[in-house]
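So this one's input-v5.txt, compact mmCIF, C-alpha atoms:
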```txt
# COMPACT_ATOMS: atom_id res chain seq x y z
CA MET A 1 47.30 93.84 93.37
CA ALA A 2 50.70 92.94 92.04
CA GLU A 3 52.61 90.25 93.81
CA LYS A 4 55.06 91.03 96.60
CA PHE A 5 58.62 89.80 96.40
CA THR A 6 61.69 89.75 98.60
CA PHE A 7 65.27 90.95 98.33
CA SER A 8 68.26 90.80 100.63
CA LEU A 9 69.46 93.89 102.54
CA ASP A 10 72.70 93.22 104.43
CA GLY A 11 71.64 89.56 104.63
CA GLN A 12 68.17 90.34 105.95
CA GLU A 13 65.17 89.39 103.87
CA ILE A 14 63.01 92.42 103.03
CA THR A 15 59.56 92.27 101.44
CA ALA A 16 58.75 94.81 98.74
CA GLU A 17 55.96 95.63 96.33
CA PRO A 18 56.62 96.18 92.65
CA GLY A 19 57.77 99.75 92.04
CA GLN A 20 58.59 100.34 95.71
CA SER A 21 62.01 101.91 96.33
CA ILE A 22 64.65 100.06 98.33
CA MET A 23 64.31 102.76 100.99
CA LYS A 24 60.51 102.51 101.28
CA ALA A 25 60.71 98.73 101.56
CA ALA A 26 63.47 98.95 104.16
CA ASP A 27 61.50 101.58 106.12
CA ALA A 28 58.45 99.32 106.14
CA ALA A 29 60.60 96.50 107.50
CA GLY A 30 62.03 98.82 110.19
CA VAL A 31 65.55 98.91 108.71
CA TYR A 32 67.03 102.39 108.53
CA ILE A 33 69.04 103.54 105.54
CA PRO A 34 70.73 106.92 106.19
CA ARG A 35 69.33 109.82 104.14
CA LEU A 36 69.29 113.61 104.03
CA CYS A 37 67.37 114.81 100.97
CA ASP A 38 64.56 112.33 101.42
CA THR A 39 61.93 112.66 104.11
CA GLU A 40 58.51 111.25 104.75
CA GLY A 41 55.74 112.79 102.66
CA LEU A 42 57.96 114.27 99.94
CA LYS A 43 58.75 112.84 96.53
CA PRO A 44 62.27 111.35 96.60
CA GLN A 45 64.78 113.05 94.32
CA GLY A 46 68.00 111.13 95.03
CA SER A 47 70.30 114.17 95.12
CA CYS A 48 72.25 113.92 98.37
CA ARG A 49 73.38 110.32 97.72
CA VAL A 50 73.78 109.67 101.46
CA CYS A 51 71.36 106.74 101.02
CA VAL A 52 73.81 105.14 98.60
CA VAL A 53 73.65 101.32 98.67
CA LYS A 54 75.07 98.60 96.45
CA MET A 55 72.48 96.60 94.53
CA ASN A 56 73.97 93.56 92.82
CA GLY A 57 77.36 95.32 92.84
CA ARG A 58 76.22 98.71 91.48
CA THR A 59 75.97 101.81 93.65
CA VAL A 60 72.47 103.30 93.53
CA ALA A 61 70.42 105.76 95.59
CA ALA A 62 68.12 103.70 97.79
CA CYS A 63 65.43 106.41 97.81
CA THR A 64 64.88 106.37 94.05
CA GLN A 65 65.98 102.87 93.02
CA PRO A 66 63.05 100.45 92.80
CA ALA A 67 63.66 97.20 94.64
CA ARG A 68 64.06 94.10 92.50
CA ALA A 69 63.23 90.51 93.31
CA ASP A 70 66.18 88.54 94.66
CA ALA A 71 68.48 91.60 94.56
CA ILE A 72 71.47 91.57 96.91
CA VAL A 73 71.65 95.01 98.55
CA GLU A 74 74.52 96.14 100.79
CA SER A 75 74.10 99.16 103.07
CA GLU A 76 76.08 99.08 106.32
CA THR A 77 79.35 97.80 104.84
CA PRO A 78 82.70 99.53 105.44
CA GLU A 79 82.83 100.61 101.79
CA ILE A 80 79.36 102.16 101.74
CA MET A 81 79.86 103.75 105.18
CA GLY A 82 83.06 105.28 103.82
CA TYR A 83 81.17 106.81 100.88
CA ARG A 84 78.56 108.21 103.24
CA ARG A 85 81.20 109.69 105.52
CA ASP A 86 82.88 111.41 102.58
CA LEU A 87 79.57 112.74 101.25
CA VAL A 88 78.55 114.15 104.63
CA ARG A 89 82.00 115.58 105.21
CA MET A 90 81.92 117.34 101.86
CA LEU A 91 78.59 118.93 102.78
CA PHE A 92 80.22 120.31 105.93
CA HIS A 93 83.09 121.69 103.84
CA GLU A 94 80.93 123.17 101.11
CA GLY A 95 78.84 125.50 103.29
CA ASN A 96 79.46 127.39 106.52
CA HIS A 97 78.31 124.97 109.21
CA LEU A 98 79.06 126.56 112.57
CA CYS A 99 77.38 124.13 114.93
CA PRO A 100 78.27 126.07 118.11
CA ILE A 101 76.15 129.06 117.05
CA CYS A 102 73.39 127.30 115.10
CA GLU A 103 69.81 127.16 116.38
CA ALA A 104 69.36 123.79 114.72
CA SER A 105 72.24 122.17 116.60
CA GLY A 106 70.98 119.02 118.28
CA ARG A 107 68.04 118.62 115.90
CA CYS A 108 70.05 119.07 112.68
CA GLU A 109 69.98 116.02 110.44
CA LEU A 110 73.32 116.84 108.82
CA GLN A 111 74.97 117.02 112.23
CA ALA A 112 73.12 113.92 113.42
CA MET A 113 74.25 112.02 110.32
CA ALA A 114 77.87 112.99 111.03
CA TYR A 115 77.44 111.79 114.63
CA ARG A 116 75.87 108.54 113.47
CA LEU A 117 78.71 107.95 111.01
CA GLY A 118 81.21 108.78 113.78
CA ILE A 119 83.00 111.56 111.90
CA THR A 120 85.86 112.64 114.17
CA GLN A 121 88.95 112.13 112.02
CA SER A 122 91.01 115.06 110.85
CA THR A 123 89.70 116.61 107.74
CA LYS A 124 91.11 115.85 104.32
CA TYR A 125 89.24 118.50 102.36
CA PRO A 126 89.65 122.28 102.42
CA TYR A 127 86.82 124.38 103.82
CA LEU A 128 85.36 126.40 100.95
CA GLN A 129 83.97 129.10 103.26
CA PRO A 130 81.61 130.52 100.65
CA VAL A 131 80.05 133.96 100.98
CA ARG A 132 76.30 133.43 101.15
CA PRO A 133 73.48 135.80 102.11
CA VAL A 134 71.14 135.75 105.10
CA ASP A 135 67.58 136.78 104.23
CA ALA A 136 65.78 138.07 107.33
CA SER A 137 63.28 140.18 105.41
CA HIS A 138 60.23 138.11 106.37
CA PRO A 139 58.60 138.93 109.74
CA ASP A 140 58.45 135.27 110.84
CA ILE A 141 61.18 133.49 108.91
CA VAL A 142 64.95 133.74 108.41
CA LEU A 143 66.80 132.11 105.56
CA ASP A 144 70.47 131.57 106.44
CA THR A 145 71.79 130.07 103.23
CA ASN A 146 75.23 129.52 104.76
CA ARG A 147 73.75 126.32 106.15
CA CYS A 148 71.90 125.16 103.02
CA ILE A 149 72.88 121.71 101.72
CA LEU A 150 70.71 121.91 98.58
CA CYS A 151 68.57 118.94 99.63
CA GLY A 152 65.57 120.55 97.96
CA ARG A 153 63.13 119.52 100.67
CA CYS A 154 61.74 123.06 100.97
CA ILE A 155 61.39 123.20 97.18
CA ARG A 156 59.38 119.99 97.02
CA ALA A 157 57.30 120.84 100.09
CA SER A 158 56.41 124.28 98.76
CA ARG A 159 55.66 122.98 95.25
CA ASP A 160 53.92 119.68 95.99
CA ILE A 161 52.23 120.27 99.34
CA ASP A 162 51.81 124.04 99.79
CA GLY A 163 51.26 124.62 96.05
CA LYS A 164 53.19 127.91 96.27
CA ASN A 165 56.54 127.33 94.54
CA VAL A 166 58.28 129.70 96.95
CA PHE A 167 61.67 128.00 96.55
CA GLU A 168 63.50 126.76 93.48
CA TYR A 169 67.01 125.79 92.44
CA VAL A 170 68.86 128.50 90.51
CA GLY A 171 72.28 128.28 88.84
CA ARG A 172 74.30 125.26 87.86
CA GLY A 173 77.23 123.25 89.16
CA VAL A 174 79.07 124.88 92.07
CA HIS A 175 76.91 127.98 91.57
CA LYS A 176 73.69 126.09 92.19
CA LYS A 177 71.68 127.42 95.10
CA VAL A 178 68.15 127.59 96.41
CA GLY A 179 66.48 130.84 95.40
CA VAL A 180 63.15 132.35 96.38
CA ASN A 181 60.34 133.41 94.07
CA GLY A 182 60.89 137.15 94.56
CA ASP A 183 63.55 139.70 95.44
CA SER A 184 63.55 138.44 99.02
CA LEU A 185 61.52 136.10 101.20
CA ALA A 186 59.22 138.97 102.24
CA ASP A 187 58.17 139.41 98.58
CA THR A 188 56.92 135.82 98.30
CA ASP A 189 53.61 134.44 99.57
CA VAL A 190 55.39 132.17 102.05
CA SER A 191 53.78 131.74 105.46
CA ILE A 192 55.09 130.31 108.70
CA ASP A 193 52.35 127.66 108.51
CA ASP A 194 53.69 126.26 105.23
CA ARG A 195 54.99 122.73 105.17
CA ALA A 196 58.16 124.17 103.56
CA ILE A 197 58.82 126.21 106.72
CA ASN A 198 57.98 123.39 109.11
CA LEU A 199 60.97 122.56 111.34
CA GLU A 200 60.84 118.97 110.04
CA THR A 201 61.30 120.07 106.44
CA CYS A 202 64.68 121.80 106.51
CA PRO A 203 67.20 119.19 107.69
CA VAL A 204 69.70 121.88 108.72
CA GLY A 205 69.37 125.38 110.21
CA CYS A 206 68.82 127.21 106.92
CA ILE A 207 65.10 127.89 107.36
CA ILE A 208 64.68 129.34 110.84
CA GLN A 209 61.46 130.45 112.49
CA LYS A 210 61.98 133.79 114.21
CA GLY A 211 61.55 133.92 117.98
CA ARG A 212 62.00 130.18 118.46
CA GLY A 213 65.77 129.70 118.73
CA PHE A 214 67.36 127.20 121.10
CA PHE A 215 64.01 126.05 122.47
CA THR A 216 65.19 122.66 123.76
CA PRO A 217 67.86 122.47 126.46
CA ILE A 218 71.14 120.74 125.63
CA GLY A 219 70.89 117.10 126.63
CA GLU A 220 67.21 116.84 125.69
CA ARG A 221 67.45 117.71 122.03
CA GLN A 222 66.29 115.33 119.35
CA PHE A 223 69.61 113.66 118.60
CA ASP A 224 71.35 114.17 121.95
CA LEU A 225 70.67 110.68 123.21
CA ALA A 226 70.01 108.40 120.27
CA PRO A 227 71.40 108.48 116.73
CA ILE A 228 69.26 109.55 113.79
CA GLY A 229 67.31 106.59 112.48
CA SER A 230 67.30 104.72 115.77
CA ASN A 231 63.62 103.91 115.42
CA GLY A 232 63.94 102.88 111.80
CA LYS A 233 62.43 106.12 110.52
CA GLY A 234 64.26 109.02 108.98
CA ARG A 235 63.40 112.00 111.07
CA LYS A 236 62.69 110.94 114.62
CA ALA A 237 65.50 110.14 116.99
CA MET B 1 108.20 106.79 131.33
CA LYS B 2 105.63 109.50 131.64
CA LYS B 3 104.26 110.96 128.41
CA ARG B 4 105.00 114.63 127.92
CA ILE B 5 102.07 116.83 126.95
CA ALA B 6 102.06 120.42 125.74
CA THR B 7 98.92 122.50 125.39
CA VAL B 8 98.13 125.93 124.01
CA SER B 9 95.18 128.12 123.13
CA LEU B 10 95.55 130.07 119.86
CA ALA B 11 92.45 131.85 118.51
CA GLY B 12 90.31 130.13 121.15
CA CYS B 13 88.59 131.09 124.36
CA PHE B 14 90.33 128.65 126.75
CA GLY B 15 87.01 126.82 127.02
CA CYS B 16 88.67 123.58 125.88
CA HIS B 17 91.33 123.98 128.57
CA MET B 18 88.61 124.58 131.15
CA SER B 19 86.88 121.45 129.93
CA LEU B 20 90.06 119.45 130.45
CA LEU B 21 90.20 120.75 134.03
CA ASP B 22 86.63 119.48 134.38
CA ILE B 23 87.92 115.92 134.57
CA ASP B 24 88.22 116.93 138.25
CA GLU B 25 89.83 114.33 140.52
CA ARG B 26 90.88 112.29 137.50
CA LEU B 27 93.54 114.99 137.04
CA LEU B 28 95.45 113.08 139.72
CA ASP B 29 95.23 109.90 137.64
CA LEU B 30 96.28 111.85 134.57
CA LEU B 31 99.32 113.27 136.33
CA LYS B 32 100.46 109.73 137.14
CA LEU B 33 100.63 109.06 133.40
CA VAL B 34 101.80 112.38 132.02
CA GLU B 35 103.78 115.48 132.78
CA PHE B 36 103.02 118.81 131.27
CA ASP B 37 105.58 120.67 129.23
CA ARG B 38 104.69 124.03 127.68
CA SER B 39 101.14 124.78 128.80
CA PRO B 40 99.02 127.47 130.45
CA PHE B 41 98.46 124.94 133.26
CA ASN B 42 102.02 125.38 134.52
CA ASP B 43 102.72 128.69 132.77
CA PHE B 44 105.73 127.34 130.85
CA LYS B 45 106.14 129.72 127.92
CA ARG B 46 108.68 127.63 126.00
CA PHE B 47 109.25 123.97 125.23
CA THR B 48 111.76 122.33 127.56
CA GLY B 49 112.06 119.19 125.46
CA ARG B 50 110.36 117.01 122.90
CA CYS B 51 106.72 116.17 123.66
CA ASP B 52 104.64 113.11 122.86
CA ILE B 53 101.32 114.90 122.53
CA GLY B 54 100.47 118.50 121.66
CA LEU B 55 96.93 119.69 122.31
CA VAL B 56 96.08 122.82 120.36
CA GLU B 57 92.91 124.79 121.00
CA GLY B 58 91.75 127.50 118.57
CA GLY B 59 92.58 128.26 114.97
CA CYS B 60 95.03 130.80 113.56
CA CYS B 61 93.91 134.42 113.35
CA ASN B 62 97.26 136.21 113.67
CA GLU B 63 100.92 135.67 112.84
CA GLU B 64 101.82 134.71 116.41
CA ASN B 65 99.27 131.87 116.25
CA VAL B 66 100.98 130.52 113.13
CA HIS B 67 104.43 130.82 114.73
CA THR B 68 103.25 128.98 117.87
CA LEU B 69 101.53 126.29 115.83
CA HIS B 70 104.72 125.64 113.85
CA GLU B 71 106.61 125.33 117.16
CA PHE B 72 104.06 122.80 118.38
CA ARG B 73 104.27 120.79 115.19
CA ALA B 74 108.07 120.79 115.38
CA ASN B 75 108.15 119.72 119.03
CA CYS B 76 105.26 117.25 119.32
CA ASP B 77 105.05 113.70 117.96
CA ILE B 78 101.26 113.75 117.86
CA LEU B 79 99.41 116.99 117.23
CA VAL B 80 95.75 117.09 118.22
CA ALA B 81 93.30 119.79 117.14
CA VAL B 82 91.03 120.28 120.16
CA GLY B 83 87.60 121.84 119.70
CA GLN B 84 85.65 123.36 116.81
CA CYS B 85 87.91 126.44 116.48
CA ALA B 86 90.98 124.26 115.90
CA VAL B 87 89.06 121.86 113.68
CA MET B 88 87.13 124.24 111.43
CA GLY B 89 87.82 127.78 112.67
CA GLY B 90 84.90 128.01 115.09
CA LEU B 91 83.42 131.39 115.94
CA PRO B 92 86.46 133.44 114.79
CA VAL B 93 86.01 131.99 111.28
CA MET B 94 82.83 134.07 110.94
CA ARG B 95 85.21 136.89 110.06
CA ASN B 96 85.93 135.07 106.78
CA ALA B 97 82.41 135.84 105.63
CA ILE B 98 83.51 139.37 104.66
CA MET B 99 86.40 138.09 102.54
CA HIS B 100 84.59 139.29 99.42
CA ALA B 101 85.15 142.90 100.47
CA GLU B 102 87.74 145.08 98.72
CA ASP B 103 89.89 145.37 101.84
CA PRO B 104 88.38 142.79 104.23
CA LEU B 105 90.76 143.21 107.15
CA ARG B 106 90.29 146.97 107.16
CA GLU B 107 86.54 146.58 106.96
CA CYS B 108 86.64 144.13 109.86
CA LEU B 109 88.75 146.42 112.07
CA GLU B 110 86.77 149.55 111.19
CA THR B 111 83.52 147.82 112.02
CA ALA B 112 84.93 146.52 115.30
CA TYR B 113 86.62 149.73 116.48
CA LEU B 114 85.17 152.71 114.60
CA ASP B 115 81.91 152.33 112.71
CA SER B 116 79.69 150.15 114.86
CA GLU B 117 77.08 152.11 116.75
CA TYR B 118 77.90 150.06 119.84
CA VAL B 119 81.54 151.20 119.97
CA LEU B 120 82.81 153.77 122.46
CA ASN B 121 86.25 154.74 121.21
CA PRO B 122 87.21 158.31 122.20
CA THR B 123 90.54 158.26 120.29
CA ASN B 124 88.74 156.96 117.19
CA SER B 125 91.74 154.80 116.32
CA ILE B 126 92.37 151.15 115.55
CA PRO B 127 94.79 149.56 118.08
CA ASN B 128 98.23 149.43 116.48
CA ASP B 129 100.69 148.87 119.32
CA PRO B 130 103.80 147.13 117.96
CA ALA B 131 103.38 144.45 120.65
CA LEU B 132 100.09 143.35 119.07
CA PRO B 133 100.52 140.44 116.64
CA LEU B 134 99.47 141.26 113.10
CA LEU B 135 96.11 139.84 112.09
CA LEU B 136 96.02 137.41 109.19
CA ASP B 137 93.90 138.15 106.14
CA LYS B 138 91.45 135.50 107.35
CA VAL B 139 91.12 132.84 110.03
CA TYR B 140 92.77 129.51 109.22
CA THR B 141 92.11 126.07 110.68
CA LEU B 142 95.07 124.12 112.08
CA ALA B 143 94.96 121.71 109.14
CA ASP B 144 95.31 124.70 106.77
CA VAL B 145 98.70 125.46 108.32
CA VAL B 146 100.30 122.20 109.52
CA LYS B 147 99.64 118.47 109.42
CA VAL B 148 97.16 117.51 112.15
CA ASP B 149 97.13 113.92 113.42
CA TYR B 150 93.83 113.84 115.29
CA GLN B 151 90.92 116.11 115.95
CA ILE B 152 88.51 116.27 118.84
CA PRO B 153 85.32 118.10 117.86
CA GLY B 154 83.12 119.95 120.32
CA CYS B 155 82.56 123.45 121.67
CA PRO B 156 84.11 122.58 123.98
CA PRO B 157 84.67 118.82 123.84
CA SER B 158 83.25 117.46 127.10
CA SER B 159 85.70 116.50 129.83
CA GLU B 160 84.70 112.86 129.28
CA THR B 161 85.55 113.14 125.57
CA LEU B 162 88.94 114.66 126.38
CA TRP B 163 89.59 112.08 129.09
CA GLN B 164 88.80 109.12 126.86
CA THR B 165 90.78 110.53 123.93
CA LEU B 166 93.80 111.34 126.10
CA ASN B 167 93.69 107.87 127.61
CA ALA B 168 93.60 106.31 124.16
CA LEU B 169 96.51 108.46 123.01
CA ILE B 170 98.60 107.79 126.13
CA THR B 171 98.02 104.05 126.25
CA GLY B 172 98.02 103.61 122.47
CA HIS B 173 94.73 101.69 122.57
CA ARG B 174 92.75 103.37 119.85
CA GLN B 175 89.02 103.17 120.31
CA ARG B 176 85.89 104.72 118.82
CA LEU B 177 84.21 107.41 120.84
CA PRO B 178 80.70 106.39 121.95
CA TYR B 179 77.79 108.21 120.27
CA GLU B 180 77.03 110.50 123.23
CA LEU B 181 80.55 111.93 123.20
CA ILE B 182 80.69 112.98 119.55
CA LYS B 183 79.40 116.56 119.60
CA TYR B 184 80.06 119.54 117.37
CA ASP B 185 78.57 122.08 119.77
```
Kindly transcribe the structure held in the file into structure tokens.
Amino acid sequence: MAEKFTFSLDGQEITAEPGQSIMKAADAAGVYIPRLCDTEGLKPQGSCRVCVVKMNGRTVAACTQPARADAIVESETPEIMGYRRDLVRMLFHEGNHLCPICEASGRCELQAMAYRLGITQSTKYPYLQPVRPVDASHPDIVLDTNRCILCGRCIRASRDIDGKNVFEYVGRGVHKKVGVNGDSLADTDVSIDDRAINLETCPVGCIIQKGRGFFTPIGERQFDLAPIGSNGKGRKA
Amino acid sequence: MKKRIATVSLAGCFGCHMSLLDIDERLLDLLKLVEFDRSPFNDFKRFTGRCDIGLVEGGCCNEENVHTLHEFRANCDILVAVGQCAVMGGLPVMRNAIMHAEDPLRECLETAYLDSEYVLNPTNSIPNDPALPLLLDKVYTLADVVKVDYQIPGCPPSSETLWQTLNALITGHRQRLPYELIKYD
């Protein structure tokens, strides 16, 4: 077994194994680095950039960047927090995120990240208010793409765990979106038991299980009391 | 000198105003620090003088909303967007989802008053009384129309959130809201 080494994360010494990402090493040490597109059990893809950190002065995605011996990594600095705030804010502006009417409110990781970062200032970006479809064709599942943040977690879960390839990115640039492998969701072999449909997989309220809306009372929801990442792990409150 | 506060609800539901009333007996403390100018609380329809703080609930869905918002911006030193509707359009902004249509406003009105199977409308007409303000092509946030100094998210913001924010604005001691009070729903 290759030798372990240490690096510094915000002044704290973290132990890592060769090839281990900064995020994995930090998780193992119980230090939370904010993230949206990465979640336990899925291959990291480094697309949301919310886990941005500075390693030896360069900004990198903590979920994909392997840790290096004696590296100096900054995470909770005003500069990095500012980047994260802007990234999360832009996600809110890019889609149609109507928290008051969303079933995922209170357990939504995008919303929880905004709470954690304390986003309350007036907005400096325009709301794009895109026109996006809702696919309710499947008997058990609704796909409300207004809320999609293109994290790709459903894509990776369906491809790598379910082995079904139900979801995939289509289009490029601002036209990029998550498409389904068929005319609509009902034409795919997706099932409510898939990991891709699991409530833990979609960080927002895009993939919704029918008949299960608003199942936790306000005040008891996942992120009502403690910020996301409070226990040093990504998903649980 | 007491601070002068004006409040208004544009394309909102008055929920944010109700939430402010929910500070209950602290209203008495508030009234020691402020006096209300134009506001539904005292039913003043016009500004009587310059105000320190303007609290605006709701976004802009018709021309009267825009007119009122401009009046608030012109008469208030600090303009605060209160609640999700003022911040990002809120529920009324769902109307913007049909903006791709050929004639979106017509489609919206026809669905609301004529075509929907849940509509009972014996005259089969769309309300067009001259007293009704003209609807805008889509719903705008406050920041789309005027410069906004602060925003308080929430649907509605809790009375505690409003109380702490108002206190900070009145005393000038800016502070971060605690985690439990930052809510978008």
What are the closest atom pairs, with distances in Å to one decimal, for all residues of range 4-57 of chain A lying within 12 Å of range 137-152 of chain A? Consider all atoms listed in the file, order rows by chain and residue number, and present the result as a tab-separated table.
```
residue	atom	partner	partner_atom	distance
A:Arg35	CA	A:Cys151	CA	10.2
A:Leu36	CA	A:Cys151	CA	6.9
A:Cys37	CA	A:Cys151	CA	4.5
A:Asp38	CA	A:Cys151	CA	7.9
A:Thr39	CA	A:Cys151	CA	10.2
A:Leu42	CA	A:Gly152	CA	10.1
A:Lys43	CA	A:Gly152	CA	10.4
A:Pro44	CA	A:Gly152	CA	9.9
A:Gln45	CA	A:Gly152	CA	8.4
A:Gly46	CA	A:Cys151	CA	9.1
A:Ser47	CA	A:Cys151	CA	6.8
A:Cys48	CA	A:Cys151	CA	6.4
A:Arg49	CA	A:Cys151	CA	10.1
A:Val50	CA	A:Cys151	CA	10.8
```
Please save C-alpha atoms of the selected residues as a short mmCIF file (atom, residue, chain, number, x, y, z; two decimals), in the frame of the given file.
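Once written, out_31.cif looks like this:
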```cif
data_model
loop_
_atom_site.label_atom_id
_atom_site.label_comp_id
_atom_site.auth_asym_id
_atom_site.auth_seq_id
_atom_site.Cartn_x
_atom_site.Cartn_y
_atom_site.Cartn_z
CA ARG A 35 69.33 109.82 104.14
CA LEU A 36 69.29 113.61 104.03
CA CYS A 37 67.37 114.81 100.97
CA ASP A 38 64.56 112.33 101.42
CA THR A 39 61.93 112.66 104.11
CA LEU A 42 57.96 114.27 99.94
CA LYS A 43 58.75 112.84 96.53
CA PRO A 44 62.27 111.35 96.60
CA GLN A 45 64.78 113.05 94.32
CA GLY A 46 68.00 111.13 95.03
CA SER A 47 70.30 114.17 95.12
CA CYS A 48 72.25 113.92 98.37
CA ARG A 49 73.38 110.32 97.72
CA VAL A 50 73.78 109.67 101.46
#
```
Quiz item: What does the distance from CA of Gly95 in chain A to CA of Leu128 in chain A come to in Å, to one decimal?
Solution: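 Straight-line distance from CA of Gly95 in chain A to CA of Leu128 in chain A works out to 7.0 Å.
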To test the calculation: enclose all listed atoms of range 146-152 of chain B in a box whose edges run along x, y and z, add 3 Å on each side, then state centre and edge lengths in Å to one decimal, as AutoDock Vina command-line options.
```
--center_x 94.4 --center_y 118.0 --center_z 114.1 --size_x 17.8 --size_y 14.4 --size_z 15.4
```
Self-check item: Straight-line distance linking CA of Pro156 in chain B with CA of Arg116 in chain A, stated in Å to one decimal
Solution: 19.4 Å
Within 7 Å of chain A, which residues of chain B show up? Give each one with its shortest atom-to-atom distance in Å (one decimal) and the two atoms involved, counting all atoms listed in the file, rows by chain then rising residue number, as CSV.
```
residue,atom,partner,partner_atom,distance
B:Gly90,CA,A:Leu98,CA,6.5
B:Ala97,CA,A:Val131,CA,5.5
B:Val148,CA,A:Ser122,CA,6.7
B:Asp149,CA,A:Ser122,CA,6.7
B:Tyr150,CA,A:Ser122,CA,5.4
B:Gln151,CA,A:Ser122,CA,5.2
B:Ile152,CA,A:Thr120,CA,6.5
B:Pro153,CA,A:Thr120,CA,6.6
B:Cys155,CA,A:Pro100,CA,6.2
B:Tyr179,CA,A:Tyr115,CA,6.7
B:Glu180,CA,A:Leu225,CA,6.4
B:Ile182,CA,A:Tyr115,CA,6.0
B:Tyr184,CA,A:Cys99,CA,5.8
B:Asp185,CA,A:Pro100,CA,4.3
```
